[in-house]
Amino acid sequence: MKAIVTRRFGNPPTMAVDERPRPAVREGLTLVRMHSATINQLSNTIRRGDFGFPTAPLVLGNEGAGIVEESDRFARGTRVAVYDRSDLGVSVDGLFQQ
């Protein structure tokens, strides 16, 4: 998968498009092919290095929309919006990947 990876937080941050492994789907989690993702206040705060504990490298992003590829909850092909999973794009790779 292609992802926008933040390698260093700060102003300016160091970010690059990298290849990342496809996330493993576990019980209770859903794999979504992202069609859009927002750049919101949380992502900007983390990117600047003003959030506290995130460590690089990290794929930011915790809000977006896409199509379900694999899930134990939603049918494949379901259109979904993703919002505010507390660790997504903070301590685990987020939505800026496809």
# chains A, B, ... in the order shown; residues from 1 in each chain; ligands from 1
>>> residues_around(residues="Glu19 (chain A)", least_positions_apart="6", cutoff="10 Å", atoms="only C-alpha atoms", output="list in words")
Met1, Lys2, Ala3, Ile4, Val5, Gln97 and Gln98 of chain A
>>> write_last_selection(atoms="all heavy atoms", output="mmCIF file, in the first residue's frame")
data_model
loop_
_atom_site.group_PDB
_atom_site.id
_atom_site.type_symbol
_atom_site.label_atom_id
_atom_site.label_comp_id
_atom_site.auth_asym_id
_atom_site.auth_seq_id
_atom_site.Cartn_x
_atom_site.Cartn_y
_atom_site.Cartn_z
ATOM 1 N N MET A 1 0.838 -1.162 0.000
ATOM 2 C CA MET A 1 0.000 0.000 0.000
ATOM 3 C C MET A 1 0.894 1.240 0.000
ATOM 4 O O MET A 1 1.937 1.249 0.627
ATOM 5 C CB MET A 1 -0.885 0.040 1.243
ATOM 6 C CG MET A 1 -1.783 -1.153 1.412
ATOM 7 S SD MET A 1 -2.832 -0.995 2.876
ATOM 8 C CE MET A 1 -4.101 0.057 2.218
ATOM 9 N N LYS A 2 0.431 2.277 -0.660
ATOM 10 C CA LYS A 2 1.123 3.559 -0.621
ATOM 11 C C LYS A 2 0.601 4.369 0.561
ATOM 12 O O LYS A 2 -0.594 4.370 0.837
ATOM 13 C CB LYS A 2 0.899 4.318 -1.910
ATOM 14 C CG LYS A 2 1.519 3.637 -3.108
ATOM 15 C CD LYS A 2 2.147 4.649 -4.003
ATOM 16 C CE LYS A 2 2.739 4.000 -5.221
ATOM 17 N NZ LYS A 2 3.972 3.355 -5.003
ATOM 18 N N ALA A 3 1.501 5.037 1.257
ATOM 19 C CA ALA A 3 1.128 5.803 2.442
ATOM 20 C C ALA A 3 1.968 7.068 2.529
ATOM 21 O O ALA A 3 3.122 7.081 2.101
ATOM 22 C CB ALA A 3 1.332 4.974 3.701
ATOM 23 N N ILE A 4 1.370 8.123 3.073
ATOM 24 C CA ILE A 4 2.124 9.336 3.389
ATOM 25 C C ILE A 4 2.638 9.152 4.814
ATOM 26 O O ILE A 4 1.866 9.162 5.770
ATOM 27 C CB ILE A 4 1.253 10.591 3.284
ATOM 28 C CG1 ILE A 4 0.699 10.728 1.864
ATOM 29 C CG2 ILE A 4 2.072 11.825 3.681
ATOM 30 C CD1 ILE A 4 -0.337 11.816 1.716
ATOM 31 N N VAL A 5 3.931 8.953 4.930
ATOM 32 C CA VAL A 5 4.548 8.630 6.212
ATOM 33 C C VAL A 5 5.264 9.863 6.762
ATOM 34 O O VAL A 5 6.080 10.473 6.064
ATOM 35 C CB VAL A 5 5.543 7.462 6.067
ATOM 36 C CG1 VAL A 5 6.199 7.139 7.392
ATOM 37 C CG2 VAL A 5 4.846 6.233 5.490
ATOM 38 N N GLN A 97 -3.352 6.463 3.679
ATOM 39 C CA GLN A 97 -2.762 5.357 2.909
ATOM 40 C C GLN A 97 -3.834 4.701 2.062
ATOM 41 O O GLN A 97 -5.007 4.774 2.352
ATOM 42 C CB GLN A 97 -2.086 4.340 3.809
ATOM 43 C CG GLN A 97 -2.945 3.765 4.906
ATOM 44 C CD GLN A 97 -2.113 2.892 5.831
ATOM 45 O OE1 GLN A 97 -1.251 2.142 5.397
ATOM 46 N NE2 GLN A 97 -2.361 2.999 7.120
ATOM 47 N N GLN A 98 -3.379 4.100 0.969
ATOM 48 C CA GLN A 98 -4.313 3.406 0.076
ATOM 49 C C GLN A 98 -3.594 2.280 -0.621
ATOM 50 O O GLN A 98 -2.495 2.370 -1.018
ATOM 51 C CB GLN A 98 -4.906 4.361 -0.941
ATOM 52 C CG GLN A 98 -5.886 3.700 -1.831
ATOM 53 C CD GLN A 98 -6.533 4.685 -2.772
ATOM 54 O OE1 GLN A 98 -6.120 5.806 -2.905
ATOM 55 N NE2 GLN A 98 -7.579 4.247 -3.412
#
>>> closest_atom_pairs(of="region 24-51 of chain A", to="region 73-90 of chain A", cutoff="10 Å", atoms="only C-alpha atoms", output="Markdown table")
| residue | atom | partner | partner_atom | distance |
| --- | --- | --- | --- | --- |
| A:Glu27 | CA | A:Arg73 | CA | 8.9 |
| A:Gly28 | CA | A:Arg73 | CA | 7.2 |
| A:Leu29 | CA | A:Arg73 | CA | 8.2 |
| A:Thr30 | CA | A:Arg73 | CA | 7.5 |
| A:Leu31 | CA | A:Arg76 | CA | 9.5 |
| A:Val32 | CA | A:Val80 | CA | 8.1 |
| A:Arg33 | CA | A:Gly77 | CA | 9.5 |
| A:Met34 | CA | A:Ala81 | CA | 9.4 |
| A:His35 | CA | A:Arg79 | CA | 9.9 |
| A:Ser36 | CA | A:Ala81 | CA | 9.5 |
| A:Ala37 | CA | A:Val82 | CA | 8.9 |
| A:Thr38 | CA | A:Tyr83 | CA | 9.9 |
| A:Leu42 | CA | A:Val90 | CA | 8.7 |
| A:Ser43 | CA | A:Gly89 | CA | 7.4 |
| A:Ile46 | CA | A:Val90 | CA | 7.5 |
| A:Phe51 | CA | A:Val90 | CA | 9.0 |
>>> select_by_dssp(residues="chain A", states="strand (DSSP E or B)", output="ChimeraX atom specification")
/A:2-8,14-19,30-37,58-59,63-71,79-83,88,92,97
>>> closest_residue(among="A:Gly49, A:Gly61, A:Gly66, A:Asp72", to="Asp93 (chain A)", atoms="only C-alpha atoms")
A:Gly61
>>> atom_distance(atom1="CA of Glu70 (chain A)", atom2="CA of Phe96 (chain A)")
18.0 Å
>>> select_by_dssp(residues="region 1-56 of chain A", states="alpha helix (DSSP H)", output="MDAnalysis selection string")
chainID A and resid 41:48
>>> write_last_selection(atoms="N, CA and C atoms", output="PDB file, in the first residue's frame")
ATOM      1  N   GLN A  41      -7.382  19.215  12.726  1.00  0.00           N
ATOM      2  CA  GLN A  41      -6.573  19.843  13.778  1.00  0.00           C
ATOM      3  C   GLN A  41      -5.676  18.834  14.497  1.00  0.00           C
ATOM      4  N   LEU A  42      -6.196  17.639  14.778  1.00  0.00           N
ATOM      5  CA  LEU A  42      -5.381  16.627  15.460  1.00  0.00           C
ATOM      6  C   LEU A  42      -4.173  16.243  14.615  1.00  0.00           C
ATOM      7  N   SER A  43      -4.391  15.952  13.337  1.00  0.00           N
ATOM      8  CA  SER A  43      -3.269  15.575  12.460  1.00  0.00           C
ATOM      9  C   SER A  43      -2.246  16.694  12.363  1.00  0.00           C
ATOM     10  N   ASN A  44      -2.703  17.933  12.252  1.00  0.00           N
ATOM     11  CA  ASN A  44      -1.775  19.071  12.194  1.00  0.00           C
ATOM     12  C   ASN A  44      -0.987  19.225  13.487  1.00  0.00           C
ATOM     13  N   THR A  45      -1.644  19.031  14.621  1.00  0.00           N
ATOM     14  CA  THR A  45      -0.962  19.146  15.914  1.00  0.00           C
ATOM     15  C   THR A  45       0.116  18.077  16.045  1.00  0.00           C
ATOM     16  N   ILE A  46      -0.203  16.848  15.648  1.00  0.00           N
ATOM     17  CA  ILE A  46       0.777  15.757  15.696  1.00  0.00           C
ATOM     18  C   ILE A  46       1.920  16.040  14.729  1.00  0.00           C
ATOM     19  N   ARG A  47       1.578  16.447  13.503  1.00  0.00           N
ATOM     20  CA  ARG A  47       2.580  16.726  12.473  1.00  0.00           C
ATOM     21  C   ARG A  47       3.588  17.778  12.938  1.00  0.00           C
ATOM     22  N   ARG A  48       3.117  18.814  13.627  1.00  0.00           N
ATOM     23  CA  ARG A  48       4.002  19.869  14.138  1.00  0.00           C
ATOM     24  C   ARG A  48       4.858  19.404  15.319  1.00  0.00           C
TER      25      ARG A  48
END
>>> atom_distance(atom1="CA of Ala24 (chain A)", atom2="CA of Asp50 (chain A)")
29.5 Å
>>> atom_distance(atom1="CA of Asn62 (chain A)", atom2="CA of Val92 (chain A)")
10.2 Å
>>> closest_residue(among="A:Gly94, A:Val68, A:Ile39, A:Thr55", to="Arg8 (chain A)", atoms="only C-alpha atoms")
A:Thr55
